[in-house]
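Participant: Got data.txt for you, compact mmCIF, C-alpha atoms:
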# COMPACT_ATOMS: atom_id res chain seq x y z
CA MET D 1 8.84 -0.79 -22.64
CA SER D 2 7.17 -0.38 -19.28
CA ILE D 3 3.47 -0.83 -18.64
CA TRP D 4 3.61 2.11 -16.21
CA PRO D 5 3.47 5.86 -16.72
CA SER D 6 7.03 7.20 -16.65
CA ASP D 7 6.65 8.94 -13.27
CA ILE D 8 5.56 5.71 -11.57
CA GLU D 9 8.39 3.78 -13.22
CA GLU D 10 10.86 6.43 -12.01
CA ARG D 11 9.49 6.31 -8.45
CA ALA D 12 9.61 2.51 -8.43
CA TYR D 13 13.19 2.59 -9.73
CA SER D 14 14.19 5.09 -7.02
CA THR D 15 12.45 3.03 -4.35
CA VAL D 16 14.15 -0.22 -5.39
CA HIS D 17 17.57 1.40 -5.59
CA ASP D 18 17.18 3.30 -2.31
CA PHE D 19 15.95 0.20 -0.47
CA THR D 20 18.80 -1.84 -1.98
CA ALA D 21 21.36 0.72 -0.80
CA ARG D 22 19.84 0.71 2.69
CA GLY D 23 19.50 -3.08 2.86
CA LEU D 24 15.74 -2.88 3.36
CA MET D 25 13.00 -5.23 2.23
CA VAL D 26 9.35 -4.33 1.68
CA ALA D 27 6.02 -6.14 1.86
CA THR D 28 2.80 -4.77 0.41
CA ALA D 29 -0.80 -5.23 1.58
CA GLU D 30 -3.15 -4.01 -1.12
CA SER D 31 -6.88 -3.76 -1.40
CA CYS D 32 -8.03 -1.13 -3.92
CA THR D 33 -4.83 -1.39 -5.98
CA GLY D 34 -5.07 -5.17 -6.34
CA GLY D 35 -1.30 -5.74 -6.38
CA MET D 36 -0.31 -2.75 -8.49
CA ILE D 37 2.27 -1.48 -5.97
CA ALA D 38 4.05 -4.83 -5.91
CA ALA D 39 3.78 -5.00 -9.71
CA ALA D 40 5.35 -1.54 -10.12
CA LEU D 41 8.23 -2.48 -7.82
CA THR D 42 8.86 -5.85 -9.44
CA GLU D 43 8.95 -4.24 -12.89
CA ILE D 44 12.39 -2.92 -11.87
CA PRO D 45 15.43 -5.17 -12.41
CA GLY D 46 17.01 -6.04 -9.07
CA SER D 47 13.73 -5.80 -7.18
CA SER D 48 14.16 -9.34 -5.85
CA ALA D 49 16.63 -7.90 -3.33
CA VAL D 50 13.93 -5.54 -2.05
CA VAL D 51 10.45 -7.04 -2.48
CA ASP D 52 9.74 -9.81 0.02
CA ARG D 53 6.06 -10.41 -0.75
CA GLY D 54 2.75 -8.83 -1.56
CA PHE D 55 -0.66 -9.53 -0.09
CA VAL D 56 -3.72 -8.75 -2.19
CA THR D 57 -6.45 -8.59 0.43
CA TYR D 58 -9.44 -7.35 -1.50
CA SER D 59 -12.11 -8.96 0.67
CA ASN D 60 -12.57 -8.48 4.39
CA GLU D 61 -12.04 -12.23 4.81
CA ALA D 62 -8.66 -11.99 3.10
CA LYS D 63 -7.68 -9.05 5.30
CA MET D 64 -8.49 -11.13 8.38
CA GLN D 65 -7.08 -14.49 7.21
CA MET D 66 -3.90 -13.37 5.47
CA ILE D 67 -2.69 -10.43 7.54
CA GLY D 68 -4.65 -10.54 10.78
CA VAL D 69 -6.94 -7.54 10.49
CA LEU D 70 -9.41 -7.88 13.34
CA TRP D 71 -13.10 -8.40 12.66
CA GLU D 72 -13.78 -5.84 15.38
CA THR D 73 -11.78 -3.22 13.50
CA LEU D 74 -13.66 -3.89 10.27
CA ALA D 75 -17.01 -3.84 12.08
CA ALA D 76 -16.27 -0.62 13.95
CA HIS D 77 -14.46 1.38 11.26
CA GLY D 78 -15.01 -0.38 7.93
CA ALA D 79 -12.51 -1.69 5.41
CA VAL D 80 -11.71 1.83 4.22
CA SER D 81 -10.36 3.45 7.37
CA ARG D 82 -7.20 4.59 9.07
CA GLU D 83 -7.51 1.77 11.58
CA THR D 84 -7.82 -0.94 8.93
CA ALA D 85 -4.92 0.45 6.89
CA ILE D 86 -2.69 0.43 9.97
CA GLU D 87 -3.67 -3.15 10.86
CA MET D 88 -3.00 -4.16 7.25
CA ALA D 89 0.48 -2.59 7.40
CA THR D 90 1.38 -4.18 10.74
CA GLY D 91 -0.09 -7.51 9.63
CA ALA D 92 1.93 -7.51 6.41
CA LEU D 93 5.05 -6.82 8.44
CA SER D 94 4.40 -9.58 10.95
CA ASN D 95 3.61 -12.08 8.18
CA SER D 96 6.77 -11.38 6.21
CA ARG D 97 10.49 -10.90 6.61
CA ALA D 98 10.29 -7.31 5.38
CA ASP D 99 11.68 -4.31 7.24
CA VAL D 100 8.97 -1.97 5.95
CA SER D 101 5.41 -2.53 4.79
CA ILE D 102 2.96 -0.41 2.85
CA ALA D 103 -0.80 -0.94 2.94
CA VAL D 104 -3.62 0.65 0.98
CA THR D 105 -7.40 0.48 1.24
CA GLY D 106 -9.84 2.75 -0.51
CA ILE D 107 -12.74 3.36 -2.84
CA ALA D 108 -11.62 3.44 -6.46
CA GLY D 109 -15.14 3.69 -7.89
CA PRO D 110 -17.08 4.20 -9.93
CA GLY D 111 -19.54 3.01 -7.27
CA GLY D 112 -19.20 2.20 -3.59
CA GLY D 113 -18.80 5.72 -2.27
CA SER D 114 -20.93 7.50 0.31
CA ALA D 115 -21.10 10.95 1.87
CA GLU D 116 -18.76 9.80 4.66
CA LYS D 117 -16.48 7.78 2.38
CA PRO D 118 -16.56 9.20 -1.15
CA VAL D 119 -15.10 7.66 -4.28
CA GLY D 120 -11.42 8.55 -4.32
CA LEU D 121 -10.89 8.17 -0.55
CA VAL D 122 -7.81 6.05 0.15
CA HIS D 123 -6.04 5.29 3.42
CA LEU D 124 -2.36 4.39 3.19
CA ALA D 125 -0.26 3.14 6.07
CA ALA D 126 3.36 2.11 6.38
CA ALA D 127 4.94 0.23 9.26
CA ARG D 128 8.53 -0.39 10.31
CA ARG D 129 9.99 -3.14 12.48
CA ASN D 130 10.81 -0.59 15.18
CA GLY D 131 7.07 0.01 15.66
CA GLU D 132 6.83 3.29 13.79
CA ILE D 133 3.55 3.74 11.91
CA PHE D 134 2.89 6.26 9.16
CA HIS D 135 -0.58 7.08 7.86
CA ARG D 136 -1.89 9.23 5.07
CA GLU D 137 -5.51 9.87 4.11
CA MET D 138 -5.93 10.88 0.49
CA LEU D 139 -9.00 12.33 -1.19
CA TYR D 140 -8.16 11.96 -4.87
CA GLY D 141 -11.72 12.71 -5.95
CA ASP D 142 -13.82 10.91 -8.51
CA ILE D 143 -11.04 10.79 -11.13
CA GLY D 144 -12.00 7.38 -12.48
CA ARG D 145 -11.09 3.93 -11.24
CA GLN D 146 -7.74 3.81 -13.02
CA GLY D 147 -6.94 7.35 -11.91
CA VAL D 148 -7.54 6.55 -8.25
CA ARG D 149 -5.49 3.36 -8.47
CA LEU D 150 -2.55 5.01 -10.22
CA ALA D 151 -2.63 7.97 -7.82
CA THR D 152 -2.55 5.49 -4.92
CA VAL D 153 0.50 3.72 -6.38
CA ARG D 154 2.26 7.10 -6.72
CA THR D 155 1.50 8.03 -3.10
CA ALA D 156 2.51 4.59 -1.80
CA LEU D 157 5.90 4.73 -3.55
CA GLU D 158 6.42 8.25 -2.20
CA MET D 159 5.59 7.06 1.33
CA LEU D 160 8.02 4.15 1.03
CA MET D 161 10.81 6.58 0.15
CA GLU D 162 9.90 8.84 3.11
CA VAL D 163 9.79 5.87 5.50
CA ALA D 164 13.19 4.62 4.29
CA ALA D 165 14.70 8.09 4.67
CA SER D 166 13.38 8.44 8.23
CA ARG D 167 15.63 5.70 9.59
Would you encode the structure as structure tokens?
Facilitator:
Amino acid sequence: MSIWPSDIEERAYSTVHDFTARGLMVATAESCTGGMIAAALTEIPGSSAVVDRGFVTYSNEAKMQMIGVLWETLAAHGAVSRETAIEMATGALSNSRADVSIAVTGIAGPGGGSAEKPVGLVHLAAARRNGEIFHREMLYGDIGRQGVRLATVRTALEMLMEVAASR
């Protein structure tokens, strides 16, 4: 029995099998999801052929130390921004042997939101070794902490499939 809702388990299964068929490996860089994307992928048998590593970079210090997010980026744009998500994705790629990375940073709530960056705002970015960058800004709304985190996992798995298909 899986710990995941069936739709997430199905997306993770499809991602693992598609990446296996394409010979691709993935690395994750997660802030607001705290490792949930990597956990969903590694729930699937055979995921060791696909998942290289996962970085849980919850603090700004971890983002800088583990995956090379620049202090200047964090100071200018904040942890929850397009720019930070992209640096997280490229940093995860350069600090792994993966072909594709996925990065997420957002405000899961219940606190921490503002008028400019409300609860439920999440930036997702994916990067490929050929230099392609994909970004998506999601406004899930104040659907509860677990709701935002699960919605982010769903979107991240969807993005991974789109990135793999764009080869």
Participant: Closest to Thr57 of chain D among D:Ala40, D:Val104, D:Val16, D:Ala27, using all atoms listed in the file?
Facilitator: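 For Thr57 of chain D, the nearest of the given residues is D:Val104.
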Participant: Which of these residues is nearest to Arg82 of chain D, using all atoms listed in the file: D:Leu41, D:Val100, D:Ile133, D:Met66?
Facilitator: D:Ile133
Participant: What box, with edges along x, y and z, holds each listed atom of segment 112-127 of chain D when 3 Å is added on every side, and can you state its centre and edge lengths in Å to one decimal, as lines of an AutoDock Vina configuration file?
Facilitator:
center_x = -8.1
center_y = 5.6
center_z = 2.5
size_x = 32.0
size_y = 16.7
size_z = 19.6
Participant: Would you mind telling me which residue in D:Pro5, D:Pro118, D:Gly78, D:Gly54 lies nearest to Gly35 of chain D when using all atoms listed in the file?
Facilitator: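 Between D:Pro5, D:Pro118, D:Gly78, D:Gly54, the residue approaching Gly35 of chain D most closely is D:Gly54.
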Participant: Set the distance at 8 Å and use only C-alpha atoms: which residues neighbour His123 of chain D once local chain neighbours fewer than 4 positions away are removed? I'd like the list as a list in words.
Facilitator: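 Close residues of His123 of chain D: Val80, Ser81, Arg82, Ala85, Val104, Thr105, Gly106, His135, Arg136, Glu137 and Met138 of chain D.
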Participant: Identify which of the residues D:Gly120, D:Gly131, D:Pro110, D:Gly34 lies closest to Ala151 of chain D, counting all atoms listed in the file when measuring atom-to-atom distances.
Facilitator: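 Closest residue, counting all atoms listed in the file: D:Gly120.
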Participant: List the spatial neighbours of Ala21 of chain D as a PDB file with C-alpha atoms, in the coordinates of the input - criterion: any atom at most 12 Å away, all atoms listed in the file, same-chain residues fewer than 2 positions off excluded.
Facilitator:
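Listing of result-v1.pdb after writing:
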ATOM      1  CA  SER D  14      14.190   5.090  -7.020  1.00  0.00           C
ATOM      2  CA  THR D  15      12.450   3.030  -4.350  1.00  0.00           C
ATOM      3  CA  VAL D  16      14.150  -0.220  -5.390  1.00  0.00           C
ATOM      4  CA  HIS D  17      17.570   1.400  -5.590  1.00  0.00           C
ATOM      5  CA  ASP D  18      17.180   3.300  -2.310  1.00  0.00           C
ATOM      6  CA  PHE D  19      15.950   0.200  -0.470  1.00  0.00           C
ATOM      7  CA  GLY D  23      19.500  -3.080   2.860  1.00  0.00           C
ATOM      8  CA  LEU D  24      15.740  -2.880   3.360  1.00  0.00           C
ATOM      9  CA  MET D  25      13.000  -5.230   2.230  1.00  0.00           C
ATOM     10  CA  GLY D  46      17.010  -6.040  -9.070  1.00  0.00           C
ATOM     11  CA  SER D  47      13.730  -5.800  -7.180  1.00  0.00           C
ATOM     12  CA  ALA D  49      16.630  -7.900  -3.330  1.00  0.00           C
ATOM     13  CA  VAL D  50      13.930  -5.540  -2.050  1.00  0.00           C
ATOM     14  CA  ALA D 164      13.190   4.620   4.290  1.00  0.00           C
ATOM     15  CA  ALA D 165      14.700   8.090   4.670  1.00  0.00           C
TER      16      ALA D 165
END
Participant: At what distance in Å, to one decimal, does atom CA of Glu9 of chain D lie from atom CA of Asn130 of chain D?
Facilitator: 28.8 Å
Participant: Using all atoms listed in the file, what residues lie at most 9 Å away from (7.0, 1.0, 7.4) (file coordinates), given as a list in words?
Facilitator: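 Using all atoms listed in the file, the matching residues come out as Val26, Ala89, Thr90, Leu93, Asp99, Val100, Ser101, Ile102, Ala125, Ala126, Ala127, Arg128, Arg129, Asn130, Gly131, Glu132, Ile133, Phe134, Met159, Leu160, Val163 and Ala164 of chain D.
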Participant: Please indicate the distance in Å from atom CA of Val119 of chain D to atom CA of Thr84 of chain D, rounded to one decimal place.
Facilitator: 17.4 Å
Participant: Which residue, D:Met161, D:Val153, D:Ala62, D:Ile86, has the smallest gap to Ala38 of chain D when you use only C-alpha atoms?
Facilitator: D:Val153
Participant: How many Å separate atom CA of Gly68 of chain D from atom CA of Phe55 of chain D?
Facilitator: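 According to the coordinates, atom CA of Gly68 of chain D and atom CA of Phe55 of chain D are separated by 11.6 Å.
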Participant: From the options D:Arg53, D:Glu116, D:Glu30, D:Ser6, which residue's atoms come nearest to His77 of chain D, counting all atoms listed in the file?
Facilitator: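 Of D:Arg53, D:Glu116, D:Glu30, D:Ser6, the one nearest His77 of chain D is D:Glu116, counting all atoms listed in the file.
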Participant: Would you mind listing what lies within 12 Å of Ser2 of chain D as a list of chain:residue names, with only C-alpha atoms counted and same-chain residues fewer than 5 positions away left out?
Facilitator: D:Asp7, D:Ile8, D:Glu9, D:Glu10, D:Ala12, D:Tyr13, D:Ala39, D:Ala40, D:Leu41, D:Thr42, D:Glu43, D:Ile44, D:Pro45
